[in-house]
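Asks: To be precise about what I am sending: the file is called upload.cif and holds mmCIF, N, CA and C atoms.
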data_final
loop_
_atom_site.label_atom_id
_atom_site.label_comp_id
_atom_site.auth_asym_id
_atom_site.auth_seq_id
_atom_site.Cartn_x
_atom_site.Cartn_y
_atom_site.Cartn_z
N PHE A 1 -0.98 3.07 4.06
CA PHE A 1 -1.07 1.78 4.70
C PHE A 1 -0.04 1.68 5.81
N THR A 2 -0.38 0.96 6.84
CA THR A 2 0.47 0.86 8.02
C THR A 2 1.40 -0.35 7.91
N PRO A 3 2.48 -0.35 8.69
CA PRO A 3 3.36 -1.53 8.72
C PRO A 3 2.59 -2.79 9.11
N GLU A 4 1.59 -2.63 9.97
CA GLU A 4 0.79 -3.79 10.38
C GLU A 4 0.02 -4.38 9.19
N PHE A 5 -0.47 -3.48 8.32
CA PHE A 5 -1.18 -3.94 7.13
C PHE A 5 -0.25 -4.79 6.27
N PHE A 6 0.96 -4.28 6.03
CA PHE A 6 1.89 -5.02 5.18
C PHE A 6 2.32 -6.33 5.83
N GLN A 7 2.47 -6.32 7.15
CA GLN A 7 2.83 -7.56 7.84
C GLN A 7 1.72 -8.59 7.68
N ALA A 8 0.47 -8.15 7.82
CA ALA A 8 -0.66 -9.06 7.64
C ALA A 8 -0.72 -9.57 6.20
N ALA A 9 -0.49 -8.68 5.24
CA ALA A 9 -0.51 -9.08 3.83
C ALA A 9 0.60 -10.07 3.54
N LEU A 10 1.79 -9.82 4.07
CA LEU A 10 2.91 -10.74 3.84
C LEU A 10 2.67 -12.08 4.53
N SER A 11 2.06 -12.05 5.70
CA SER A 11 1.73 -13.30 6.39
C SER A 11 0.73 -14.11 5.57
N ALA A 12 -0.28 -13.43 5.05
CA ALA A 12 -1.26 -14.11 4.20
C ALA A 12 -0.60 -14.65 2.95
N ALA A 13 0.30 -13.87 2.38
CA ALA A 13 1.01 -14.29 1.18
C ALA A 13 1.88 -15.51 1.47
N ALA A 14 2.57 -15.49 2.60
CA ALA A 14 3.45 -16.61 2.96
C ALA A 14 2.65 -17.88 3.21
N SER A 15 1.49 -17.75 3.86
CA SER A 15 0.70 -18.94 4.15
C SER A 15 0.09 -19.53 2.88
N SER A 16 -0.24 -18.68 1.91
CA SER A 16 -0.83 -19.20 0.69
C SER A 16 0.22 -19.62 -0.32
N SER A 17 1.47 -19.13 -0.17
CA SER A 17 2.49 -19.42 -1.18
C SER A 17 3.04 -20.82 -1.06
N SER A 18 2.83 -21.49 0.06
CA SER A 18 3.36 -22.84 0.19
C SER A 18 2.69 -23.80 -0.79
N ALA A 19 1.42 -23.57 -1.09
CA ALA A 19 0.70 -24.45 -2.00
C ALA A 19 0.78 -23.98 -3.45
N HIS A 20 0.82 -22.66 -3.68
CA HIS A 20 0.84 -22.11 -5.03
C HIS A 20 1.30 -20.65 -4.99
N GLU A 21 1.39 -20.05 -6.14
CA GLU A 21 1.79 -18.64 -6.20
C GLU A 21 0.77 -17.76 -5.50
N VAL A 22 1.26 -16.69 -4.93
CA VAL A 22 0.42 -15.74 -4.20
C VAL A 22 -0.46 -14.97 -5.19
N ASP A 23 -1.69 -14.72 -4.77
CA ASP A 23 -2.65 -13.99 -5.58
C ASP A 23 -3.21 -12.85 -4.73
N LEU A 24 -3.27 -11.64 -5.27
CA LEU A 24 -3.79 -10.51 -4.51
C LEU A 24 -5.24 -10.71 -4.06
N VAL A 25 -6.00 -11.50 -4.80
CA VAL A 25 -7.38 -11.78 -4.40
C VAL A 25 -7.38 -12.51 -3.05
N GLU A 26 -6.39 -13.38 -2.84
CA GLU A 26 -6.29 -14.11 -1.57
C GLU A 26 -5.75 -13.21 -0.46
N VAL A 27 -4.77 -12.38 -0.80
CA VAL A 27 -4.14 -11.52 0.20
C VAL A 27 -5.07 -10.40 0.64
N LEU A 28 -5.82 -9.83 -0.31
CA LEU A 28 -6.68 -8.68 -0.02
C LEU A 28 -8.15 -9.08 0.01
N LYS A 29 -8.45 -10.17 0.69
CA LYS A 29 -9.84 -10.59 0.85
C LYS A 29 -10.62 -9.50 1.58
N PRO A 30 -11.89 -9.32 1.24
CA PRO A 30 -12.67 -8.29 1.93
C PRO A 30 -12.64 -8.42 3.45
N GLU A 31 -12.68 -9.64 3.98
CA GLU A 31 -12.67 -9.81 5.44
C GLU A 31 -11.34 -9.41 6.07
N THR A 32 -10.28 -9.38 5.28
CA THR A 32 -8.98 -8.92 5.76
C THR A 32 -8.83 -7.41 5.55
N LEU A 33 -9.24 -6.95 4.39
CA LEU A 33 -9.04 -5.57 4.00
C LEU A 33 -10.00 -4.59 4.69
N LEU A 34 -11.25 -4.97 4.84
CA LEU A 34 -12.25 -4.04 5.38
C LEU A 34 -11.94 -3.53 6.79
N PRO A 35 -11.55 -4.38 7.74
CA PRO A 35 -11.22 -3.83 9.07
C PRO A 35 -10.07 -2.82 9.02
N ILE A 36 -9.11 -3.06 8.16
CA ILE A 36 -7.97 -2.14 8.03
C ILE A 36 -8.45 -0.82 7.43
N VAL A 37 -9.26 -0.90 6.39
CA VAL A 37 -9.78 0.31 5.74
C VAL A 37 -10.65 1.10 6.71
N ARG A 38 -11.49 0.41 7.46
CA ARG A 38 -12.35 1.10 8.43
C ARG A 38 -11.50 1.88 9.45
N GLU A 39 -10.45 1.23 9.91
CA GLU A 39 -9.56 1.88 10.87
C GLU A 39 -8.87 3.09 10.25
N LEU A 40 -8.39 2.94 9.03
CA LEU A 40 -7.72 4.05 8.35
C LEU A 40 -8.67 5.22 8.12
N LEU A 41 -9.93 4.93 7.81
CA LEU A 41 -10.90 5.99 7.51
C LEU A 41 -11.32 6.79 8.74
N LYS A 42 -10.99 6.30 9.92
CA LYS A 42 -11.29 7.06 11.14
C LYS A 42 -10.46 8.33 11.21
N ASP A 43 -9.31 8.31 10.55
CA ASP A 43 -8.42 9.48 10.53
C ASP A 43 -8.76 10.34 9.32
N GLU A 44 -9.10 11.59 9.58
CA GLU A 44 -9.52 12.49 8.50
C GLU A 44 -8.41 12.69 7.47
N GLN A 45 -7.18 12.69 7.89
CA GLN A 45 -6.06 12.85 6.96
C GLN A 45 -6.00 11.67 5.98
N ASN A 46 -6.19 10.47 6.47
CA ASN A 46 -6.22 9.29 5.59
C ASN A 46 -7.39 9.38 4.63
N ARG A 47 -8.54 9.76 5.15
CA ARG A 47 -9.74 9.88 4.32
C ARG A 47 -9.53 10.90 3.20
N SER A 48 -8.89 12.02 3.54
CA SER A 48 -8.68 13.06 2.52
C SER A 48 -7.68 12.62 1.46
N LYS A 49 -6.79 11.69 1.80
CA LYS A 49 -5.86 11.16 0.80
C LYS A 49 -6.54 10.16 -0.12
N LEU A 50 -7.53 9.45 0.39
CA LEU A 50 -8.20 8.41 -0.39
C LEU A 50 -9.29 8.97 -1.31
N THR A 51 -10.06 9.90 -0.82
CA THR A 51 -11.25 10.33 -1.57
C THR A 51 -10.98 10.90 -2.96
N PRO A 52 -9.85 11.55 -3.23
CA PRO A 52 -9.64 12.01 -4.61
C PRO A 52 -9.54 10.87 -5.63
N HIS A 53 -9.31 9.66 -5.15
CA HIS A 53 -9.18 8.51 -6.03
C HIS A 53 -10.49 7.74 -6.22
N LEU A 54 -11.54 8.25 -5.63
CA LEU A 54 -12.85 7.60 -5.71
C LEU A 54 -13.82 8.48 -6.49
N PRO A 55 -14.85 7.86 -7.09
CA PRO A 55 -15.89 8.67 -7.72
C PRO A 55 -16.52 9.59 -6.67
N GLU A 56 -16.85 10.82 -7.06
CA GLU A 56 -17.37 11.81 -6.12
C GLU A 56 -18.57 11.33 -5.32
N SER A 57 -19.40 10.53 -5.96
CA SER A 57 -20.62 10.08 -5.28
C SER A 57 -20.41 8.81 -4.46
N GLN A 58 -19.18 8.32 -4.36
CA GLN A 58 -18.94 7.06 -3.66
C GLN A 58 -17.78 7.18 -2.67
N THR A 59 -17.90 8.10 -1.72
CA THR A 59 -16.81 8.32 -0.78
C THR A 59 -17.15 7.93 0.66
N SER A 60 -18.36 7.46 0.90
CA SER A 60 -18.72 7.06 2.26
C SER A 60 -18.09 5.70 2.58
N GLU A 61 -18.04 5.39 3.85
CA GLU A 61 -17.49 4.09 4.27
C GLU A 61 -18.29 2.94 3.66
N GLN A 62 -19.61 3.09 3.56
CA GLN A 62 -20.45 2.05 2.97
C GLN A 62 -20.14 1.88 1.48
N ASP A 63 -19.90 2.99 0.79
CA ASP A 63 -19.55 2.92 -0.63
C ASP A 63 -18.22 2.21 -0.84
N ILE A 64 -17.26 2.52 0.02
CA ILE A 64 -15.94 1.89 -0.09
C ILE A 64 -16.04 0.40 0.20
N GLU A 65 -16.88 0.03 1.17
CA GLU A 65 -17.10 -1.38 1.47
C GLU A 65 -17.71 -2.11 0.27
N LYS A 66 -18.70 -1.48 -0.37
CA LYS A 66 -19.31 -2.07 -1.57
C LYS A 66 -18.27 -2.26 -2.66
N LEU A 67 -17.42 -1.26 -2.83
CA LEU A 67 -16.36 -1.34 -3.84
C LEU A 67 -15.44 -2.52 -3.58
N ILE A 68 -14.98 -2.67 -2.34
CA ILE A 68 -14.05 -3.75 -1.99
C ILE A 68 -14.70 -5.12 -2.19
N ARG A 69 -16.00 -5.21 -1.98
CA ARG A 69 -16.71 -6.49 -2.16
C ARG A 69 -17.15 -6.74 -3.60
N SER A 70 -16.99 -5.76 -4.46
CA SER A 70 -17.52 -5.87 -5.82
C SER A 70 -16.72 -6.83 -6.70
N PRO A 71 -17.40 -7.45 -7.66
CA PRO A 71 -16.71 -8.33 -8.62
C PRO A 71 -15.66 -7.56 -9.45
N GLN A 72 -15.93 -6.29 -9.70
CA GLN A 72 -14.99 -5.48 -10.47
C GLN A 72 -13.66 -5.31 -9.72
N PHE A 73 -13.74 -5.09 -8.42
CA PHE A 73 -12.53 -4.96 -7.61
C PHE A 73 -11.75 -6.27 -7.60
N GLN A 74 -12.47 -7.37 -7.45
CA GLN A 74 -11.81 -8.68 -7.45
C GLN A 74 -11.14 -8.95 -8.81
N GLN A 75 -11.81 -8.57 -9.88
CA GLN A 75 -11.24 -8.74 -11.23
C GLN A 75 -9.99 -7.89 -11.40
N THR A 76 -10.03 -6.67 -10.88
CA THR A 76 -8.87 -5.78 -10.96
C THR A 76 -7.69 -6.38 -10.20
N LEU A 77 -7.95 -6.96 -9.04
CA LEU A 77 -6.88 -7.62 -8.28
C LEU A 77 -6.28 -8.78 -9.08
N LYS A 78 -7.13 -9.53 -9.78
CA LYS A 78 -6.63 -10.63 -10.61
C LYS A 78 -5.75 -10.11 -11.74
N LEU A 79 -6.17 -9.04 -12.38
CA LEU A 79 -5.38 -8.44 -13.47
C LEU A 79 -4.05 -7.89 -12.95
N PHE A 80 -4.10 -7.27 -11.79
CA PHE A 80 -2.89 -6.72 -11.18
C PHE A 80 -1.92 -7.85 -10.82
N THR A 81 -2.45 -8.94 -10.29
CA THR A 81 -1.63 -10.12 -9.98
C THR A 81 -0.96 -10.64 -11.24
N ALA A 82 -1.72 -10.76 -12.31
CA ALA A 82 -1.16 -11.25 -13.57
C ALA A 82 -0.05 -10.33 -14.07
N ALA A 83 -0.25 -9.03 -13.96
CA ALA A 83 0.79 -8.07 -14.39
C ALA A 83 2.05 -8.24 -13.56
N LEU A 84 1.91 -8.45 -12.26
CA LEU A 84 3.08 -8.63 -11.40
C LEU A 84 3.81 -9.93 -11.72
N ARG A 85 3.08 -10.95 -12.08
CA ARG A 85 3.69 -12.25 -12.37
C ARG A 85 4.38 -12.30 -13.72
N HIS A 86 3.94 -11.46 -14.65
CA HIS A 86 4.42 -11.59 -16.02
C HIS A 86 5.32 -10.44 -16.45
N GLY A 87 6.20 -10.02 -15.55
CA GLY A 87 7.26 -9.11 -15.94
C GLY A 87 6.97 -7.64 -15.91
N ASN A 88 5.85 -7.22 -15.39
CA ASN A 88 5.55 -5.80 -15.32
C ASN A 88 5.82 -5.20 -13.94
N GLN A 89 6.45 -5.97 -13.08
CA GLN A 89 6.67 -5.56 -11.71
C GLN A 89 7.49 -4.26 -11.62
N GLU A 90 8.56 -4.15 -12.40
CA GLU A 90 9.39 -2.95 -12.36
C GLU A 90 8.61 -1.71 -12.77
N ALA A 91 7.87 -1.80 -13.85
CA ALA A 91 7.09 -0.66 -14.33
C ALA A 91 6.05 -0.24 -13.29
N ILE A 92 5.42 -1.21 -12.66
CA ILE A 92 4.41 -0.91 -11.64
C ILE A 92 5.04 -0.20 -10.46
N LEU A 93 6.18 -0.71 -9.98
CA LEU A 93 6.84 -0.07 -8.85
C LEU A 93 7.29 1.34 -9.20
N LEU A 94 7.85 1.50 -10.39
CA LEU A 94 8.29 2.84 -10.81
C LEU A 94 7.11 3.81 -10.87
N SER A 95 5.97 3.34 -11.37
CA SER A 95 4.79 4.22 -11.45
C SER A 95 4.28 4.61 -10.07
N LEU A 96 4.60 3.81 -9.06
CA LEU A 96 4.20 4.11 -7.68
C LEU A 96 5.28 4.90 -6.94
N GLY A 97 6.40 5.18 -7.64
CA GLY A 97 7.49 5.93 -7.03
C GLY A 97 8.35 5.10 -6.10
N ILE A 98 8.36 3.80 -6.30
CA ILE A 98 9.15 2.90 -5.45
C ILE A 98 10.39 2.47 -6.22
N PRO A 99 11.58 2.64 -5.62
CA PRO A 99 12.81 2.26 -6.31
C PRO A 99 12.82 0.78 -6.71
N VAL A 100 13.19 0.53 -7.94
CA VAL A 100 13.22 -0.84 -8.45
C VAL A 100 14.22 -1.69 -7.69
N GLN A 101 15.23 -1.07 -7.11
CA GLN A 101 16.25 -1.81 -6.36
C GLN A 101 15.66 -2.54 -5.17
N GLN A 102 14.46 -2.17 -4.77
CA GLN A 102 13.83 -2.82 -3.61
C GLN A 102 13.19 -4.16 -3.97
N ILE A 103 13.18 -4.52 -5.24
CA ILE A 103 12.62 -5.81 -5.64
C ILE A 103 13.66 -6.88 -5.33
N ASN A 104 13.29 -7.82 -4.48
CA ASN A 104 14.22 -8.90 -4.17
C ASN A 104 13.66 -10.27 -4.53
N GLU A 105 12.46 -10.29 -5.04
CA GLU A 105 11.89 -11.54 -5.55
C GLU A 105 10.73 -11.21 -6.49
N PRO A 106 10.40 -12.12 -7.37
CA PRO A 106 9.35 -11.84 -8.35
C PRO A 106 7.94 -11.97 -7.77
N GLY A 107 6.98 -11.52 -8.54
CA GLY A 107 5.57 -11.75 -8.23
C GLY A 107 5.01 -10.87 -7.13
N VAL A 108 3.88 -11.30 -6.63
CA VAL A 108 3.13 -10.54 -5.64
C VAL A 108 3.91 -10.39 -4.33
N GLN A 109 4.53 -11.46 -3.89
CA GLN A 109 5.25 -11.40 -2.62
C GLN A 109 6.39 -10.39 -2.70
N GLY A 110 7.13 -10.37 -3.80
CA GLY A 110 8.19 -9.39 -3.99
C GLY A 110 7.65 -7.98 -4.02
N PHE A 111 6.51 -7.81 -4.68
CA PHE A 111 5.85 -6.50 -4.76
C PHE A 111 5.47 -6.01 -3.37
N LEU A 112 4.84 -6.87 -2.57
CA LEU A 112 4.43 -6.49 -1.22
C LEU A 112 5.63 -6.14 -0.36
N LYS A 113 6.70 -6.92 -0.47
CA LYS A 113 7.91 -6.64 0.31
C LYS A 113 8.54 -5.32 -0.11
N ALA A 114 8.54 -5.03 -1.41
CA ALA A 114 9.11 -3.76 -1.89
C ALA A 114 8.30 -2.58 -1.36
N ILE A 115 6.98 -2.70 -1.36
CA ILE A 115 6.13 -1.63 -0.84
C ILE A 115 6.35 -1.47 0.66
N GLN A 116 6.43 -2.59 1.37
CA GLN A 116 6.66 -2.52 2.81
C GLN A 116 8.01 -1.87 3.11
N SER A 117 9.03 -2.26 2.39
CA SER A 117 10.36 -1.70 2.59
C SER A 117 10.35 -0.20 2.32
N ASN A 118 9.69 0.20 1.26
CA ASN A 118 9.60 1.62 0.92
C ASN A 118 8.81 2.39 1.98
N SER A 119 7.74 1.80 2.47
CA SER A 119 6.92 2.44 3.50
C SER A 119 7.72 2.61 4.79
N THR A 120 8.43 1.59 5.18
CA THR A 120 9.24 1.64 6.39
C THR A 120 10.36 2.65 6.24
N ARG A 121 11.01 2.65 5.07
CA ARG A 121 12.10 3.58 4.82
C ARG A 121 11.59 5.02 4.86
N GLY A 122 10.43 5.26 4.30
CA GLY A 122 9.85 6.59 4.32
C GLY A 122 9.55 7.06 5.73
N LYS A 123 9.05 6.16 6.57
CA LYS A 123 8.76 6.53 7.95
C LYS A 123 10.04 6.85 8.70
N VAL A 124 11.09 6.06 8.46
CA VAL A 124 12.37 6.32 9.11
C VAL A 124 12.90 7.68 8.68
N SER A 125 12.86 7.99 7.39
CA SER A 125 13.32 9.29 6.89
C SER A 125 12.54 10.42 7.53
N ASN A 126 11.22 10.28 7.59
CA ASN A 126 10.39 11.32 8.20
C ASN A 126 10.71 11.49 9.68
N LEU A 127 10.92 10.37 10.39
CA LEU A 127 11.24 10.45 11.82
C LEU A 127 12.59 11.10 12.03
N GLU A 128 13.59 10.77 11.19
CA GLU A 128 14.91 11.38 11.31
C GLU A 128 14.81 12.88 11.06
N LYS A 129 14.04 13.27 10.05
CA LYS A 129 13.89 14.69 9.74
C LYS A 129 13.21 15.43 10.91
N MET A 130 12.17 14.81 11.48
CA MET A 130 11.48 15.44 12.60
C MET A 130 12.44 15.58 13.78
N ASP A 131 13.26 14.55 14.03
CA ASP A 131 14.22 14.58 15.13
C ASP A 131 15.24 15.70 14.90
N ASP A 132 15.75 15.81 13.67
CA ASP A 132 16.69 16.88 13.33
C ASP A 132 16.06 18.25 13.53
N ASP A 133 14.80 18.39 13.11
CA ASP A 133 14.10 19.66 13.25
C ASP A 133 13.95 20.04 14.73
N LYS A 134 13.65 19.07 15.57
CA LYS A 134 13.49 19.33 17.01
C LYS A 134 14.81 19.77 17.63
N LYS A 135 15.91 19.15 17.17
CA LYS A 135 17.23 19.47 17.71
C LYS A 135 17.79 20.75 17.08
N GLY A 136 17.16 21.20 16.00
CA GLY A 136 17.66 22.38 15.33
C GLY A 136 18.89 22.09 14.49
N THR A 137 19.08 20.81 14.12
CA THR A 137 20.25 20.43 13.33
C THR A 137 19.89 20.10 11.90
N GLY A 138 18.66 20.41 11.50
CA GLY A 138 18.26 20.14 10.12
C GLY A 138 19.13 20.94 9.16
N ASN A 139 19.45 20.36 8.05
CA ASN A 139 20.30 21.01 7.08
C ASN A 139 19.42 21.70 6.05
N ASP A 140 19.38 23.03 6.10
CA ASP A 140 18.52 23.78 5.19
C ASP A 140 18.90 23.57 3.74
N GLN A 141 20.18 23.32 3.47
CA GLN A 141 20.60 23.07 2.09
C GLN A 141 19.93 21.83 1.53
N ASP A 142 19.81 20.78 2.38
CA ASP A 142 19.12 19.57 1.94
C ASP A 142 17.67 19.88 1.62
N ASP A 143 17.03 20.73 2.45
CA ASP A 143 15.64 21.08 2.23
C ASP A 143 15.50 21.77 0.88
N ASP A 144 16.46 22.65 0.53
CA ASP A 144 16.41 23.35 -0.75
C ASP A 144 16.52 22.38 -1.92
N LEU A 145 17.33 21.34 -1.75
CA LEU A 145 17.49 20.36 -2.83
C LEU A 145 16.23 19.58 -3.11
N TYR A 146 15.45 19.30 -2.07
CA TYR A 146 14.29 18.43 -2.22
C TYR A 146 12.98 19.19 -2.21
N GLY A 147 13.01 20.46 -2.23
CA GLY A 147 11.79 21.24 -2.32
C GLY A 147 11.34 21.68 -1.05
#
When written as structure tokens, how does the structure in this file appear?

Replies:
Amino acid sequence: FTPEFFQAALSAAASSSSAHEVDLVEVLKPETLLPIVRELLKDEQNRSKLTPHLPESQTSEQDIEKLIRSPQFQQTLKLFTAALRHGNQEAILLSLGIPVQQINEPGVQGFLKAIQSNSTRGKVSNLEKMDDDKKGTGNDQDDDLYG
């Protein structure tokens, strides 16, 4: 997901949070999510990262659109929202490989901010590494430590 995606999700969350708690069903509405997914699927690298998580017979753009519009997907978003609201936020972030220290508020909004922060931090790390590699100042010992 791109920083723009997270900014849009946080904006949607902020606009809906004034009246009540944020719900992923509201943040990830098909009309919001589908244009982003369509754009991401134009890149073969993104597509290859997504398809292993889909049923083999449902990897086309039309199949993914059906999935996002399905009642089952909406129900899953509701269950995920409930898990985030009721104390499972740390376990969810850990299972996604996101440091728990990035949680600065509870619920969906905190979850989205933690993911955005982790995504931004990862991009900065990758850019710094690429810059070091170009300059020839990369530390090979660090590379050995991290694989």

Asks: Enumerate, in order of chain and increasing residue number, the residues of stretch 45-89 of chain A with an atom no farther than 6.5 Å from stretch 97-121 of chain A, each with its shortest atom pair and distance in Å to one decimal, counting all atoms listed in the file, as a tab-separated table.

Replies:
residue	atom	partner	partner_atom	distance
A:Thr81	CA	A:Val108	CA	6.5
A:Leu84	C	A:Gly107	CA	4.3
A:Arg85	CA	A:Gly107	CA	4.6

Asks: Which distance in Å separates atom CA of A:Ile64 and atom CA of A:Val25, to one decimal?

Replies: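 Answer for the atom CA of A:Ile64 to atom CA of A:Val25 separation: 16.7 Å.
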
Asks: Mind pulling up the distance from atom CA of A:Glu65 to atom C of A:Ser95?

Replies: 25.0 Å

Asks: In Å to one decimal, how far is atom N of A:Leu24 from atom N of A:Leu79?

Replies: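 Computed distance, atom N of A:Leu79 to atom N of A:Leu24, equals 8.1 Å.
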
Asks: Quick one: of A:Glu56, A:Asp43, A:Asp23, A:Glu90, who's nearest to A:Leu77, counting all atoms listed in the file?

Replies: A:Asp23

Asks: Please extract the residues of stretch 19-94 of chain A with a backbone DSSP assignment of helix (DSSP H, G or I) and present them as JSON, numbers by chain.

Replies: {"A": [24, 25, 26, 27, 30, 31, 32, 33, 34, 35, 36, 37, 38, 39, 40, 41, 44, 45, 46, 47, 48, 49, 50, 51, 52, 53, 61, 62, 63, 64, 65, 66, 67, 68, 69, 71, 72, 73, 74, 75, 76, 77, 78, 79, 80, 81, 82, 83, 84, 85, 89, 90, 91, 92, 93, 94]}

Asks: Counting only N, CA and C atoms, what is within 8 Å of stretch 67-76 of chain A, bar same-chain residues fewer than 6 positions away, as a PDB file with N, CA and C atoms, in the coordinates of the input?

Replies:
ATOM      1  N   LEU A  24      -3.270 -11.640  -5.270  1.00  0.00           N
ATOM      2  CA  LEU A  24      -3.790 -10.510  -4.510  1.00  0.00           C
ATOM      3  C   LEU A  24      -5.240 -10.710  -4.060  1.00  0.00           C
ATOM      4  N   VAL A  25      -6.000 -11.500  -4.800  1.00  0.00           N
ATOM      5  CA  VAL A  25      -7.380 -11.780  -4.400  1.00  0.00           C
ATOM      6  C   VAL A  25      -7.380 -12.510  -3.050  1.00  0.00           C
ATOM      7  N   LEU A  28      -5.820  -9.830  -0.310  1.00  0.00           N
ATOM      8  CA  LEU A  28      -6.680  -8.680  -0.020  1.00  0.00           C
ATOM      9  C   LEU A  28      -8.150  -9.080   0.010  1.00  0.00           C
ATOM     10  N   LYS A  29      -8.450 -10.170   0.690  1.00  0.00           N
ATOM     11  CA  LYS A  29      -9.840 -10.590   0.850  1.00  0.00           C
ATOM     12  C   LYS A  29     -10.620  -9.500   1.580  1.00  0.00           C
ATOM     13  N   PRO A  30     -11.890  -9.320   1.240  1.00  0.00           N
ATOM     14  CA  PRO A  30     -12.670  -8.290   1.930  1.00  0.00           C
ATOM     15  C   PRO A  30     -12.640  -8.420   3.450  1.00  0.00           C
ATOM     16  N   GLU A  31     -12.680  -9.640   3.980  1.00  0.00           N
ATOM     17  CA  GLU A  31     -12.670  -9.810   5.440  1.00  0.00           C
ATOM     18  C   GLU A  31     -11.340  -9.410   6.070  1.00  0.00           C
ATOM     19  N   LEU A  33      -9.240  -6.950   4.390  1.00  0.00           N
ATOM     20  CA  LEU A  33      -9.040  -5.570   4.000  1.00  0.00           C
ATOM     21  C   LEU A  33     -10.000  -4.590   4.690  1.00  0.00           C
ATOM     22  N   LEU A  34     -11.250  -4.970   4.840  1.00  0.00           N
ATOM     23  CA  LEU A  34     -12.250  -4.040   5.380  1.00  0.00           C
ATOM     24  C   LEU A  34     -11.940  -3.530   6.790  1.00  0.00           C
ATOM     25  N   GLU A  61     -18.040   5.390   3.850  1.00  0.00           N
ATOM     26  CA  GLU A  61     -17.490   4.090   4.270  1.00  0.00           C
ATOM     27  C   GLU A  61     -18.290   2.940   3.660  1.00  0.00           C
ATOM     28  N   ALA A  82      -1.720 -10.760 -12.310  1.00  0.00           N
ATOM     29  CA  ALA A  82      -1.160 -11.250 -13.570  1.00  0.00           C
ATOM     30  C   ALA A  82      -0.050 -10.330 -14.070  1.00  0.00           C
TER      31      ALA A  82
END
